[in-house]
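*Asks:* Pasting query-v9.cif here (mmCIF, C-alpha atoms):
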```cif
data_model
#
loop_
_atom_site.group_PDB
_atom_site.id
_atom_site.type_symbol
_atom_site.label_atom_id
_atom_site.label_comp_id
_atom_site.auth_asym_id
_atom_site.auth_seq_id
_atom_site.Cartn_x
_atom_site.Cartn_y
_atom_site.Cartn_z
ATOM 1 C CA MET A 109 -3.103 25.872 -5.841
ATOM 2 C CA SER A 110 -1.473 24.740 -2.634
ATOM 3 C CA THR A 111 0.499 26.822 -0.203
ATOM 4 C CA ILE A 112 4.123 26.459 0.762
ATOM 5 C CA ILE A 113 2.968 25.528 4.261
ATOM 6 C CA LEU A 114 0.948 22.580 2.953
ATOM 7 C CA ARG A 115 3.843 21.387 0.806
ATOM 8 C CA THR A 116 6.279 21.644 3.725
ATOM 9 C CA VAL A 117 3.951 19.801 6.083
ATOM 10 C CA THR A 118 3.440 17.143 3.419
ATOM 11 C CA ARG A 119 7.191 16.628 3.069
ATOM 12 C CA LEU A 120 7.476 16.157 6.815
ATOM 13 C CA ALA A 121 4.312 14.153 7.461
ATOM 14 C CA VAL A 122 4.266 11.644 4.594
ATOM 15 C CA PRO A 123 7.462 9.778 5.614
ATOM 16 C CA ILE A 124 6.116 9.519 9.170
ATOM 17 C CA VAL A 125 2.799 8.217 7.838
ATOM 18 C CA PHE A 126 4.581 5.566 5.748
ATOM 19 C CA ILE A 127 6.769 4.427 8.660
ATOM 20 C CA THR A 128 3.708 4.184 10.916
ATOM 21 C CA SER A 129 1.871 2.270 8.208
ATOM 22 C CA PHE A 130 4.759 -0.189 7.931
ATOM 23 C CA ALA A 131 4.846 -0.668 11.715
ATOM 24 C CA LEU A 132 1.090 -1.292 11.848
ATOM 25 C CA PHE A 133 1.395 -3.771 8.994
ATOM 26 C CA LEU A 134 4.083 -5.793 10.749
ATOM 27 C CA GLN A 135 2.282 -6.042 14.085
ATOM 28 C CA GLY A 136 -1.068 -6.947 12.537
ATOM 29 C CA HIS A 137 -0.990 -10.698 13.118
ATOM 30 C CA ASN A 138 -0.258 -10.329 16.854
ATOM 31 C CA LEU A 139 -1.678 -6.936 17.866
ATOM 32 C CA PRO A 140 -4.271 -4.496 16.497
ATOM 33 C CA GLY A 141 -3.279 -3.393 13.038
ATOM 34 C CA GLY A 142 -2.600 -5.296 9.889
ATOM 35 C CA GLY A 143 -3.122 -4.964 6.183
ATOM 36 C CA PHE A 144 -6.355 -3.010 6.261
ATOM 37 C CA ILE A 145 -5.362 -0.156 8.552
ATOM 38 C CA ALA A 146 -1.851 -0.004 7.053
ATOM 39 C CA GLY A 147 -3.395 0.274 3.585
ATOM 40 C CA VAL A 148 -5.761 3.022 4.675
ATOM 41 C CA LEU A 149 -2.871 4.925 6.234
ATOM 42 C CA THR A 150 -0.730 4.555 3.099
ATOM 43 C CA ALA A 151 -3.588 5.752 0.893
ATOM 44 C CA THR A 152 -4.088 8.714 3.225
ATOM 45 C CA GLY A 153 -0.427 9.675 2.900
ATOM 46 C CA LEU A 154 -0.626 9.527 -0.884
ATOM 47 C CA ALA A 155 -3.882 11.510 -0.796
ATOM 48 C CA LEU A 156 -1.986 14.218 1.068
ATOM 49 C CA VAL A 157 0.615 14.199 -1.715
ATOM 50 C CA TYR A 158 -2.222 14.512 -4.282
ATOM 51 C CA ILE A 159 -3.664 17.500 -2.434
ATOM 52 C CA ALA A 160 -0.327 19.262 -2.034
ATOM 53 C CA TYR A 161 1.278 18.509 -5.402
ATOM 54 C CA GLY A 162 -1.353 17.012 -7.707
ATOM 55 C CA LEU A 163 -1.624 13.732 -9.573
ATOM 56 C CA ASP A 164 0.756 14.894 -12.300
ATOM 57 C CA PHE A 165 3.561 15.236 -9.722
ATOM 58 C CA LEU A 166 3.578 11.499 -9.068
ATOM 59 C CA GLU A 167 3.383 10.636 -12.754
ATOM 60 C CA GLU A 168 6.152 12.961 -13.885
ATOM 61 C CA THR A 169 8.480 13.275 -10.896
ATOM 62 C CA VAL A 170 8.245 9.914 -9.154
ATOM 63 C CA PHE A 171 7.483 7.523 -12.025
ATOM 64 C CA ARG A 172 9.103 9.590 -14.819
ATOM 65 C CA ARG A 173 6.162 9.210 -17.198
ATOM 66 C CA SER A 174 4.583 11.977 -19.229
ATOM 67 C CA ILE A 175 0.827 11.681 -19.426
ATOM 68 C CA GLY A 176 -1.076 14.028 -21.697
ATOM 69 C CA GLY A 177 -4.590 14.282 -20.304
ATOM 70 C CA SER A 178 -7.071 12.898 -17.854
ATOM 71 C CA VAL A 179 -8.127 10.072 -20.185
ATOM 72 C CA GLU A 180 -4.524 8.859 -20.336
ATOM 73 C CA HIS A 181 -4.343 8.961 -16.522
ATOM 74 C CA LEU A 182 -7.277 6.580 -16.377
ATOM 75 C CA GLN A 183 -6.125 4.205 -19.113
ATOM 76 C CA HIS A 184 -2.326 4.180 -18.963
ATOM 77 C CA GLY A 185 -1.253 6.096 -15.889
ATOM 78 C CA LEU A 186 -1.347 5.559 -12.179
ATOM 79 C CA VAL A 187 -4.979 4.490 -12.157
ATOM 80 C CA SER A 188 -4.217 1.430 -14.252
ATOM 81 C CA ASP A 189 -1.313 0.670 -11.901
ATOM 82 C CA TYR A 190 -3.673 0.924 -8.931
ATOM 83 C CA ARG A 191 -6.107 -1.461 -10.608
ATOM 84 C CA ARG A 192 -3.295 -3.968 -11.144
ATOM 85 C CA LEU A 193 -2.256 -3.573 -7.504
ATOM 86 C CA PHE A 194 -5.844 -4.349 -6.479
ATOM 87 C CA ALA A 195 -5.921 -7.486 -8.638
ATOM 88 C CA VAL A 196 -2.528 -8.720 -7.429
ATOM 89 C CA GLY A 197 -3.545 -8.115 -3.813
ATOM 90 C CA LEU A 198 -6.757 -10.049 -4.276
ATOM 91 C CA ALA A 199 -4.828 -12.951 -5.814
ATOM 92 C CA ILE A 200 -2.301 -12.931 -2.947
ATOM 93 C CA ALA A 201 -5.004 -12.832 -0.267
ATOM 94 C CA ALA A 202 -6.982 -15.661 -1.864
ATOM 95 C CA GLY A 203 -3.842 -17.633 -2.662
ATOM 96 C CA SER A 204 -2.659 -17.456 0.932
ATOM 97 C CA GLY A 205 -5.752 -19.400 1.950
ATOM 98 C CA LEU A 206 -5.666 -21.795 -0.971
ATOM 99 C CA VAL A 207 -2.128 -22.896 -0.140
ATOM 100 C CA PHE A 208 -3.435 -24.569 3.001
ATOM 101 C CA ILE A 209 -6.049 -26.465 1.003
ATOM 102 C CA ALA A 210 -3.260 -27.787 -1.210
ATOM 103 C CA LEU A 211 -1.467 -28.912 1.952
ATOM 104 C CA GLY A 212 -4.576 -30.796 3.139
ATOM 105 C CA MET A 213 -5.537 -28.282 5.828
ATOM 106 C CA PRO A 214 -8.659 -26.101 6.177
ATOM 107 C CA PHE A 215 -8.924 -22.890 4.154
ATOM 108 C CA MET A 216 -7.159 -19.918 5.818
ATOM 109 C CA SER A 217 -5.399 -21.999 8.449
ATOM 110 C CA TYR A 218 -2.714 -20.305 10.475
ATOM 111 C CA GLY A 219 0.884 -21.420 10.482
ATOM 112 C CA TYR A 220 4.046 -19.913 11.836
ATOM 113 C CA THR A 221 7.692 -20.617 12.402
ATOM 114 C CA TYR A 222 10.565 -18.769 13.977
ATOM 115 C CA GLY A 223 13.483 -17.394 12.041
ATOM 116 C CA SER A 224 16.828 -15.985 13.034
ATOM 117 C CA PHE A 225 18.249 -12.932 11.297
ATOM 118 C CA PRO A 226 21.499 -10.998 11.805
ATOM 119 C CA LEU A 227 19.909 -7.979 13.520
ATOM 120 C CA TYR A 228 17.268 -9.934 15.444
ATOM 121 C CA ASP A 229 17.606 -13.059 17.493
ATOM 122 C CA HIS A 230 14.195 -14.644 16.861
ATOM 123 C CA ILE A 231 11.397 -13.400 14.619
ATOM 124 C CA GLU A 232 8.019 -15.032 14.199
ATOM 125 C CA LEU A 233 7.267 -15.668 10.523
ATOM 126 C CA ALA A 234 3.495 -16.088 10.244
ATOM 127 C CA SER A 235 1.316 -17.050 7.310
ATOM 128 C CA ALA A 236 -1.056 -14.244 8.272
ATOM 129 C CA VAL A 237 1.502 -11.723 7.021
ATOM 130 C CA VAL A 238 0.982 -12.966 3.457
ATOM 131 C CA PHE A 239 -2.790 -12.526 3.795
ATOM 132 C CA ASP A 240 -2.275 -9.090 5.373
ATOM 133 C CA PHE A 241 -0.051 -8.092 2.456
ATOM 134 C CA GLY A 242 -2.804 -9.083 0.030
ATOM 135 C CA VAL A 243 -5.345 -7.047 1.994
ATOM 136 C CA TYR A 244 -2.886 -4.135 2.080
ATOM 137 C CA CYS A 245 -2.553 -4.203 -1.726
ATOM 138 C CA VAL A 246 -6.335 -4.433 -2.190
ATOM 139 C CA VAL A 247 -7.010 -1.481 0.126
ATOM 140 C CA VAL A 248 -4.268 0.731 -1.327
ATOM 141 C CA GLY A 249 -5.230 -0.129 -4.901
ATOM 142 C CA SER A 250 -8.936 0.445 -4.422
ATOM 143 C CA LEU A 251 -8.705 3.650 -2.372
ATOM 144 C CA LEU A 252 -6.142 5.240 -4.674
ATOM 145 C CA THR A 253 -8.178 4.276 -7.734
ATOM 146 C CA VAL A 254 -11.205 6.036 -6.255
ATOM 147 C CA LEU A 255 -9.154 9.080 -5.188
ATOM 148 C CA SER A 256 -7.460 9.364 -8.589
ATOM 149 C CA VAL A 257 -10.667 9.032 -10.604
ATOM 150 C CA VAL A 258 -12.562 11.481 -8.405
ATOM 151 C CA GLY A 259 -9.564 13.825 -8.380
ATOM 152 C CA GLU A 260 -9.497 13.937 -12.163
ATOM 153 C CA GLU A 261 -13.165 14.959 -12.317
#
```
In structure tokens, write the structure found in this file.
*Replies:*
Amino acid sequence: MSTIILRTVTRLAVPIVFITSFALFLQGHNLPGGGFIAGVLTATGLALVYIAYGLDFLEETVFRRSIGGSVEHLQHGLVSDYRRLFAVGLAIAAGSGLVFIALGMPFMSYGYTYGSFPLYDHIELASAVVFDFGVYCVVVGSLLTVLSVVGEE
């Protein structure tokens, strides 16, 4: 059972946590931050949702799936989605380094270019962002898998 205060604080805090996580992710290749800390922060926000509303809330309300019991959560529910997110993140992180080998450069080389977008004049587009995204997916997938499995116990 959670209190109305916890649910209200969760509704206010989780969007702020996600925005901060996104900001930390984007500045990671130039300043402190990146995929790891953004992933930890995202998993923390979702853990707060688990505490306030429960795992079933995400399954039924957000993803519109009805899951019968805890075994189904582990095999067909969010936990299997988190495992897939982990695997995709690992493939993206490894693939971001392997691309440079295919281009005849050392593994995990760093490349960047500048782009121009309507709202911004110049934005640096770095290859490290792809690696950071892979790390982000690995961290979110692994932490939420652990939290979901332990939470079901």
*Asks:* Restricting the calculation to only C-alpha atoms: of A:Ala195, A:Ala160, A:Gly185, A:Phe126, which residue gets closest to A:Val148?
*Replies:*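 Residue with the minimum atom-to-atom distance to A:Val148: A:Phe126.
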*Asks:* Ranking A:Phe133, A:Phe144, A:Tyr228, A:Tyr161 by minimum distance to A:Val247 and counting only C-alpha atoms, which one comes first?
*Replies:*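 For A:Val247, the nearest of the given residues is A:Phe144.
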*Asks:* At a cut-off of 10 Å, using all atoms listed in the file, what residues contact A:Gly205? Leave out same-chain residues fewer than 2 positions from it and give the result as an MDAnalysis selection string.
*Replies:* chainID A and resid 200:203 207:210 213:218 235:236 238:239
*Asks:* Keeping only C-alpha atoms, write those residues as a short mmCIF file (atom, residue, chain, number, x, y, z; two decimals), keeping the file's coordinate frame.
*Replies:*
```cif
data_model
loop_
_atom_site.label_atom_id
_atom_site.label_comp_id
_atom_site.auth_asym_id
_atom_site.auth_seq_id
_atom_site.Cartn_x
_atom_site.Cartn_y
_atom_site.Cartn_z
CA ILE A 200 -2.30 -12.93 -2.95
CA ALA A 201 -5.00 -12.83 -0.27
CA ALA A 202 -6.98 -15.66 -1.86
CA GLY A 203 -3.84 -17.63 -2.66
CA VAL A 207 -2.13 -22.90 -0.14
CA PHE A 208 -3.44 -24.57 3.00
CA ILE A 209 -6.05 -26.46 1.00
CA ALA A 210 -3.26 -27.79 -1.21
CA MET A 213 -5.54 -28.28 5.83
CA PRO A 214 -8.66 -26.10 6.18
CA PHE A 215 -8.92 -22.89 4.15
CA MET A 216 -7.16 -19.92 5.82
CA SER A 217 -5.40 -22.00 8.45
CA TYR A 218 -2.71 -20.30 10.48
CA SER A 235 1.32 -17.05 7.31
CA ALA A 236 -1.06 -14.24 8.27
CA VAL A 238 0.98 -12.97 3.46
CA PHE A 239 -2.79 -12.53 3.80
#
```
*Asks:* So how many Å separate atom CA of A:Val170 and atom CA of A:Val243, to one decimal?
*Replies:*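 Result for atom CA of A:Val170 versus atom CA of A:Val243: 24.4 Å, one decimal.
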*Asks:* Identify which of the residues A:Leu134, A:Val254, A:Leu156, A:Leu227 lies closest to A:Ser188, counting all atoms listed in the file when measuring atom-to-atom distances.
*Replies:* A:Val254
*Asks:* Please, what distance in Å, to one decimal, runs between atom CA of A:Ser250 and atom CA of A:Tyr190?
*Replies:*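 Atom CA of A:Ser250 sits 6.9 Å away from atom CA of A:Tyr190.
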*Asks:* Find the residues near A:Val122: any atom within 12 Å, counting only C-alpha atoms, skip ones fewer than 6 places away on the same chain, and give them as a list in words.
*Replies:* Leu114, Arg115, Thr116, Thr128, Ser129, Leu149, Thr150, Ala151, Thr152, Gly153, Leu154, Ala155, Leu156, Val157, Tyr158 and Ala160 of chain A
*Asks:* Which one of A:Phe165, A:Tyr244, A:Phe194, A:Phe225 sits closest to A:Ala146 if you count all atoms listed in the file?
*Replies:*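 Nearest candidate to A:Ala146 out of A:Phe165, A:Tyr244, A:Phe194, A:Phe225: A:Tyr244.
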